[in-house]
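Structure file start05.pdb; described as PDB, C-alpha atoms.
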```pdb
ATOM      1  CA  LEU A 724      -0.447  -1.297  11.186
ATOM      2  CA  ALA A 725       2.253  -3.943  11.405
ATOM      3  CA  ALA A 726       3.243  -6.903   9.257
ATOM      4  CA  LYS A 727       5.861  -9.626   9.344
ATOM      5  CA  GLY A 728       5.507 -12.658   7.118
ATOM      6  CA  GLN A 729       2.064 -11.570   5.929
ATOM      7  CA  PRO A 730       1.909  -8.882   3.223
ATOM      8  CA  ILE A 731      -0.125  -5.727   3.790
ATOM      9  CA  SER A 732      -0.522  -2.989   1.199
ATOM     10  CA  LEU A 733      -1.833   0.504   1.836
ATOM     11  CA  ALA A 734      -3.600   2.781  -0.637
ATOM     12  CA  PHE A 735      -3.946   6.543  -0.429
ATOM     13  CA  ASN A 736      -5.938   9.381  -1.903
ATOM     14  CA  MET A 737      -4.481  12.535  -0.406
ATOM     15  CA  GLU A 738      -7.034  14.874  -1.939
ATOM     16  CA  MET A 739     -10.017  13.337  -0.130
ATOM     17  CA  PRO A 740      -8.019  12.305   2.028
ATOM     18  CA  ILE A 741      -8.525   8.590   2.588
ATOM     19  CA  ALA A 742      -6.346   5.576   3.366
ATOM     20  CA  LEU A 743      -7.225   1.892   3.135
ATOM     21  CA  TRP A 744      -5.270  -1.330   3.480
ATOM     22  CA  SER A 745      -5.533  -4.996   2.650
ATOM     23  CA  SER A 746      -3.453  -8.159   2.321
ATOM     24  CA  GLU A 747      -4.845  -8.487  -1.229
ATOM     25  CA  PRO A 748      -3.473  -5.560  -3.315
ATOM     26  CA  SER A 749      -6.055  -5.893  -6.097
ATOM     27  CA  SER A 750      -8.829  -4.994  -3.649
ATOM     28  CA  LEU A 751      -7.182  -1.593  -3.107
ATOM     29  CA  THR A 752      -8.428  -0.487  -6.520
ATOM     30  CA  VAL A 753     -12.019  -0.560  -5.247
ATOM     31  CA  SER A 754     -14.305   2.169  -6.588
ATOM     32  CA  TRP A 755     -15.694   4.962  -4.443
ATOM     33  CA  PRO A 756     -18.706   7.279  -4.922
ATOM     34  CA  SER A 757     -17.672  10.355  -6.893
ATOM     35  CA  PRO A 758     -19.601  13.221  -8.550
ATOM     36  CA  ARG A 759     -16.906  13.292 -11.267
ATOM     37  CA  SER A 760     -17.920   9.894 -12.648
ATOM     38  CA  ASN A 761     -20.878   9.147 -14.950
ATOM     39  CA  SER A 762     -21.297   5.818 -13.187
ATOM     40  CA  GLY A 763     -21.143   7.531  -9.811
ATOM     41  CA  ALA A 764     -17.920   5.778  -8.754
ATOM     42  CA  LEU A 765     -14.172   6.038  -9.452
ATOM     43  CA  ARG A 766     -11.093   4.187  -8.230
ATOM     44  CA  VAL A 767     -10.466   5.912  -4.916
ATOM     45  CA  ALA A 768      -6.762   5.064  -4.544
ATOM     46  CA  THR A 769      -4.211   7.135  -6.438
ATOM     47  CA  ALA A 770      -1.117   5.489  -4.925
ATOM     48  CA  ARG A 771      -0.085   2.263  -3.197
ATOM     49  CA  TRP A 772       2.581   1.472  -0.621
ATOM     50  CA  ASP A 773       3.618  -2.027   0.527
ATOM     51  CA  ILE A 774       4.783  -2.783   4.043
ATOM     52  CA  ASP A 775       8.110  -4.629   4.076
ATOM     53  CA  ASP A 776       6.795  -7.867   5.560
ATOM     54  CA  ALA A 777      10.015  -9.805   4.851
ATOM     55  CA  VAL A 778      11.898  -8.156   7.732
ATOM     56  CA  GLY A 779       8.822  -6.728   9.448
ATOM     57  CA  GLU A 780       7.579  -3.166   9.609
ATOM     58  CA  ALA A 781       5.073  -1.094  11.589
ATOM     59  CA  VAL A 782       3.505   2.190  10.478
ATOM     60  CA  GLU A 783       1.154   4.677  12.078
ATOM     61  CA  LEU A 784      -1.279   6.800  10.073
ATOM     62  CA  ARG A 785      -2.760   9.871  11.695
ATOM     63  CA  VAL A 786      -5.244  12.424  10.401
ATOM     64  CA  PHE A 787      -4.632  16.068  11.343
ATOM     65  CA  ASP A 788      -7.039  18.975  10.952
ATOM     66  CA  LYS A 789      -6.453  22.282   9.162
ATOM     67  CA  TYR A 790      -3.232  24.226   8.568
ATOM     68  CA  SER A 791      -0.563  22.596   6.358
ATOM     69  CA  ALA A 792       1.109  19.187   6.510
ATOM     70  CA  LYS A 793       4.461  20.870   7.166
ATOM     71  CA  HIS A 794       2.953  22.698  10.150
ATOM     72  CA  HIS A 795       1.924  19.415  11.794
ATOM     73  CA  VAL A 796       5.209  17.684  10.874
ATOM     74  CA  ASN A 797       7.232  20.472  12.537
ATOM     75  CA  LEU A 798       4.915  20.592  15.545
ATOM     76  CA  TRP A 799       5.140  16.850  16.224
ATOM     77  CA  ALA A 800       8.907  16.823  15.634
ATOM     78  CA  GLN A 801       9.204  18.608  18.994
ATOM     79  CA  TYR A 802       7.753  15.597  20.802
ATOM     80  CA  LYS A 803      10.109  12.627  21.014
ATOM     81  CA  ASN A 804       8.734   9.118  21.273
ATOM     82  CA  PRO A 805       9.568   7.232  24.468
ATOM     83  CA  GLY A 806      12.223   4.530  24.542
ATOM     84  CA  GLN A 807      14.146   3.743  21.365
ATOM     85  CA  LEU A 808      11.566   5.027  18.875
ATOM     86  CA  HIS A 809      12.651   8.681  19.022
ATOM     87  CA  GLU A 810      13.744   8.504  15.349
ATOM     88  CA  ALA A 811      10.232   7.588  14.138
ATOM     89  CA  LEU A 812       8.963  11.029  13.128
ATOM     90  CA  PHE A 813       5.827  11.966  11.197
ATOM     91  CA  PHE A 814       6.207  12.998   7.555
ATOM     92  CA  ALA A 815       3.936  13.847   4.641
ATOM     93  CA  THR A 816       3.353  11.407   1.810
ATOM     94  CA  PRO A 817       4.776  12.057  -1.688
ATOM     95  CA  ASP A 818       2.749  13.802  -4.396
ATOM     96  CA  ILE A 819       1.312  16.508  -2.144
ATOM     97  CA  ASP A 820       2.250  20.117  -1.499
ATOM     98  CA  SER A 821       3.133  20.029   2.197
ATOM     99  CA  ASP A 822       2.907  23.858   2.370
ATOM    100  CA  ARG A 823      -0.691  23.948   1.162
ATOM    101  CA  GLU A 824      -3.401  24.410   3.769
ATOM    102  CA  ARG A 825      -6.113  21.742   3.726
ATOM    103  CA  GLN A 826      -9.052  20.697   5.844
ATOM    104  CA  HIS A 827      -7.397  17.360   6.665
ATOM    105  CA  HIS A 828      -3.956  15.760   6.294
ATOM    106  CA  ILE A 829      -2.715  12.175   6.575
ATOM    107  CA  LEU A 830       0.763  11.904   8.048
ATOM    108  CA  VAL A 831       2.845   8.737   8.389
ATOM    109  CA  ARG A 832       5.549   7.456  10.701
ATOM    110  CA  GLY A 833       6.959   3.979  11.109
ATOM    111  CA  THR A 834       9.742   1.702  12.195
ATOM    112  CA  SER A 835      11.458  -1.438  11.000
ATOM    113  CA  LEU A 836      10.957  -4.568  13.101
ATOM    114  CA  ALA A 837      14.274  -6.001  11.932
ATOM    115  CA  HIS A 838      16.338  -4.093  14.482
ATOM    116  CA  ALA A 839      15.415  -5.868  17.693
ATOM    117  CA  GLY A 840      17.957  -4.017  19.815
ATOM    118  CA  THR A 841      17.729  -0.603  18.148
ATOM    119  CA  PRO A 842      14.528   0.084  16.175
ATOM    120  CA  LYS A 843      15.160   2.235  13.107
ATOM    121  CA  GLY A 844      12.594   4.845  12.144
ATOM    122  CA  LEU A 845      11.116   4.887   8.640
ATOM    123  CA  SER A 846      12.502   7.835   6.665
ATOM    124  CA  PRO A 847      10.572   9.845   4.041
ATOM    125  CA  SER A 848      13.064   8.742   1.352
ATOM    126  CA  GLN A 849      12.525   5.047   2.214
ATOM    127  CA  PHE A 850       8.778   5.571   2.075
ATOM    128  CA  LYS A 851       8.990   7.395  -1.267
ATOM    129  CA  GLY A 852      11.097   4.575  -2.732
ATOM    130  CA  ARG A 853       8.127   2.207  -2.435
ATOM    131  CA  TRP A 854       5.440   4.734  -3.408
ATOM    132  CA  VAL A 855       3.627   3.423  -6.497
ATOM    133  CA  ARG A 856       1.198   5.595  -8.457
ATOM    134  CA  LEU A 857      -1.866   3.659  -9.586
ATOM    135  CA  HIS A 858      -3.188   3.877 -13.137
ATOM    136  CA  CYS A 859      -5.282   0.708 -13.236
ATOM    137  CA  PRO A 860      -9.085   0.693 -13.613
ATOM    138  CA  PRO A 861     -11.333   0.072 -10.584
ATOM    139  CA  PHE A 862     -11.517  -3.477  -9.314
ATOM    140  CA  LYS A 863     -14.419  -5.323 -10.962
ATOM    141  CA  ILE A 864     -16.785  -6.997  -8.526
ATOM    142  CA  PHE A 865     -18.434 -10.010 -10.086
ATOM    143  CA  LYS A 866     -22.199  -9.673 -10.085
ATOM    144  CA  GLN A 867     -24.333 -12.632  -9.151
ATOM    145  CA  THR A 868     -25.356 -14.354 -12.341
ATOM    146  CA  ARG A 869     -28.989 -15.315 -12.765
ATOM    147  CA  THR A 870     -28.228 -18.585 -14.494
ATOM    148  CA  LEU A 871     -28.581 -21.784 -12.494
ATOM    149  CA  ASP A 872     -25.761 -23.419 -14.409
ATOM    150  CA  PRO A 873     -22.499 -23.031 -12.374
ATOM    151  CA  ILE A 874     -20.366 -24.066 -15.379
ATOM    152  CA  ALA A 875     -21.847 -21.319 -17.526
ATOM    153  CA  ALA A 876     -21.184 -18.851 -14.689
ATOM    154  CA  ASP A 877     -17.535 -19.970 -14.441
ATOM    155  CA  LEU A 878     -17.051 -19.670 -18.201
ATOM    156  CA  GLN A 879     -18.406 -16.144 -18.043
ATOM    157  CA  GLU A 880     -15.980 -15.113 -15.291
ATOM    158  CA  VAL A 881     -12.848 -16.950 -16.481
ATOM    159  CA  PRO A 882     -11.676 -14.308 -19.037
ATOM    160  CA  ILE A 883     -11.821 -11.521 -16.429
ATOM    161  CA  VAL A 884      -9.999 -13.621 -13.821
ATOM    162  CA  LEU A 885      -7.280 -14.619 -16.318
ATOM    163  CA  SER A 886      -6.858 -10.992 -17.362
ATOM    164  CA  ASN A 887      -6.394  -9.913 -13.721
ATOM    165  CA  ILE A 888      -3.837 -12.704 -13.182
ATOM    166  CA  GLU A 889      -1.896 -11.720 -16.302
ATOM    167  CA  ASN A 890      -1.846  -8.071 -15.221
ATOM    168  CA  ALA A 891      -0.536  -9.055 -11.773
ATOM    169  CA  TRP A 892       2.303 -11.182 -13.220
ATOM    170  CA  THR A 893       3.411  -8.523 -15.702
ATOM    171  CA  ASP A 894       3.455  -5.778 -13.049
ATOM    172  CA  ARG A 895       6.924  -5.854 -11.468
ATOM    173  CA  PHE A 896       5.582  -3.901  -8.474
ATOM    174  CA  SER A 897       2.815  -6.407  -7.705
ATOM    175  CA  LEU A 898       3.183  -8.634  -4.663
ATOM    176  CA  ASN A 899       2.378 -11.688  -6.811
ATOM    177  CA  TYR A 900       5.359 -10.943  -9.069
ATOM    178  CA  GLN A 901       7.679 -10.204  -6.133
ATOM    179  CA  SER A 902       6.509 -13.311  -4.243
ATOM    180  CA  GLY A 903       7.103 -15.452  -7.342
ATOM    181  CA  GLN A 904      10.596 -14.048  -7.754
ATOM    182  CA  ARG A 905      11.419 -14.637  -4.091
ATOM    183  CA  PHE A 906       9.992 -18.184  -4.189
ATOM    184  CA  THR A 907      12.096 -18.974  -7.275
ATOM    185  CA  GLN A 908      15.242 -17.641  -5.577
ATOM    186  CA  CYS A 909      14.588 -19.824  -2.526
ATOM    187  CA  LEU A 910      14.097 -22.916  -4.699
ATOM    188  CA  LEU A 911      17.293 -22.232  -6.652
ATOM    189  CA  SER A 912      19.203 -21.717  -3.419
ATOM    190  CA  LEU A 913      17.955 -25.049  -2.018
ATOM    191  CA  LEU A 914      18.854 -26.857  -5.266
ATOM    192  CA  GLU A 915      22.344 -25.371  -5.220
ATOM    193  CA  LYS A 916      22.846 -26.497  -1.602
ATOM    194  CA  ARG A 917      21.635 -29.989  -2.447
ATOM    195  CA  ARG A 918      23.975 -30.219  -5.414
ATOM    196  CA  ALA A 919      26.847 -29.082  -3.197
ATOM    197  CA  GLY A 920      25.963 -31.779  -0.669
ATOM    198  CA  ASP A 921      24.867 -29.431   2.139
TER     199      ASP A 921
END
```

If you took the structure in this file and wrote it as structure tokens, what would it be?
Amino acid sequence: LAAKGQPISLAFNMEMPIALWSSEPSSLTVSWPSPRSNSGALRVATARWDIDDAVGEAVELRVFDKYSAKHHVNLWAQYKNPGQLHEALFFATPDIDSDRERQHHILVRGTSLAHAGTPKGLSPSQFKGRWVRLHCPPFKIFKQTRTLDPIAADLQEVPIVLSNIENAWTDRFSLNYQSGQRFTQCLLSLLEKRRAGD
């Protein structure tokens, strides 16, 4: 996966394991069939990670079978990538016991796209710094209303939509909040330049 100028967020559940991604972070809270839920479905994602699209970033996800995550990390560390990507090594995601043997493992490696001459591999500490644990409820999919009145349908959906918007703007880790902050900084910078006569 790669992004530059267009946000992409990834979601993980390392117990299943499963990974999904989208340019709309709220869709990552989609529910998934589960025997642990009375309704038959739970939010599948337990954590979210956002690609740094401002400078550009590329990541590779790979599923490995059996043994432990550490076993596969050490095994693949022996094989260097060709060219200038030899620093991009696989690592395990946070919140898992890398020594524990599992049926499947998801490992990650990546590189920044900002270093045109010398690509810089994504480190586990950089990845962990943007690892966000999810506690929100599953994303609500609006059901088709049976009424023929579109205004009545809109009025029924408005409170849920407004609630989702409010949650996004109060979450400092949400892309909406970060995009708003960045947009405001750009506007202020342009106004300052204009006042200075640049």

(message) Report, in Å to a single decimal, how far apart CA of Lys843 (chain A) and CA of Ala777 (chain A) are.
(response) 15.5 Å

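With CA of Ala726 (chain A) on one side and CA of His795 (chain A) on the other, the separation reads 26.5 Å.
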
Box for region 830-849 of chain A: with edges along x, y and z, all listed atoms inside and 3 Å added on each side, what are the centre and edge lengths in Å to one decimal, as lines of an AutoDock Vina configuration file?
```
center_x = 9.4
center_y = 3.0
center_z = 10.6
size_x = 23.2
size_y = 23.9
size_z = 24.5
```

Enumerate, as a PDB file with C-alpha atoms, in the frame of the given file, the residues matched when the PyMOL selection byres ((chain A and resi 831) around 6) is run on the file above.
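Output file part_28.pdb is given in full below:
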```pdb
ATOM      1  CA  GLU A 783       1.154   4.677  12.078  1.00  0.00           C
ATOM      2  CA  LEU A 784      -1.279   6.800  10.073  1.00  0.00           C
ATOM      3  CA  PHE A 813       5.827  11.966  11.197  1.00  0.00           C
ATOM      4  CA  PHE A 814       6.207  12.998   7.555  1.00  0.00           C
ATOM      5  CA  LEU A 830       0.763  11.904   8.048  1.00  0.00           C
ATOM      6  CA  ARG A 832       5.549   7.456  10.701  1.00  0.00           C
TER       7      ARG A 832
END
```

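Across the structure, CA of Ser754 (chain A) and CA of Arg766 (chain A) are spaced 4.1 Å apart.
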
(request) Can you work out which one of A:Asn887, A:Leu878, A:Ala792, A:Leu910 has the shortest atom-to-atom distance to Ser750 (chain A), counting all atoms listed in the file? (result)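 Using all atoms listed in the file, Ser750 (chain A) sits closest to A:Asn887.
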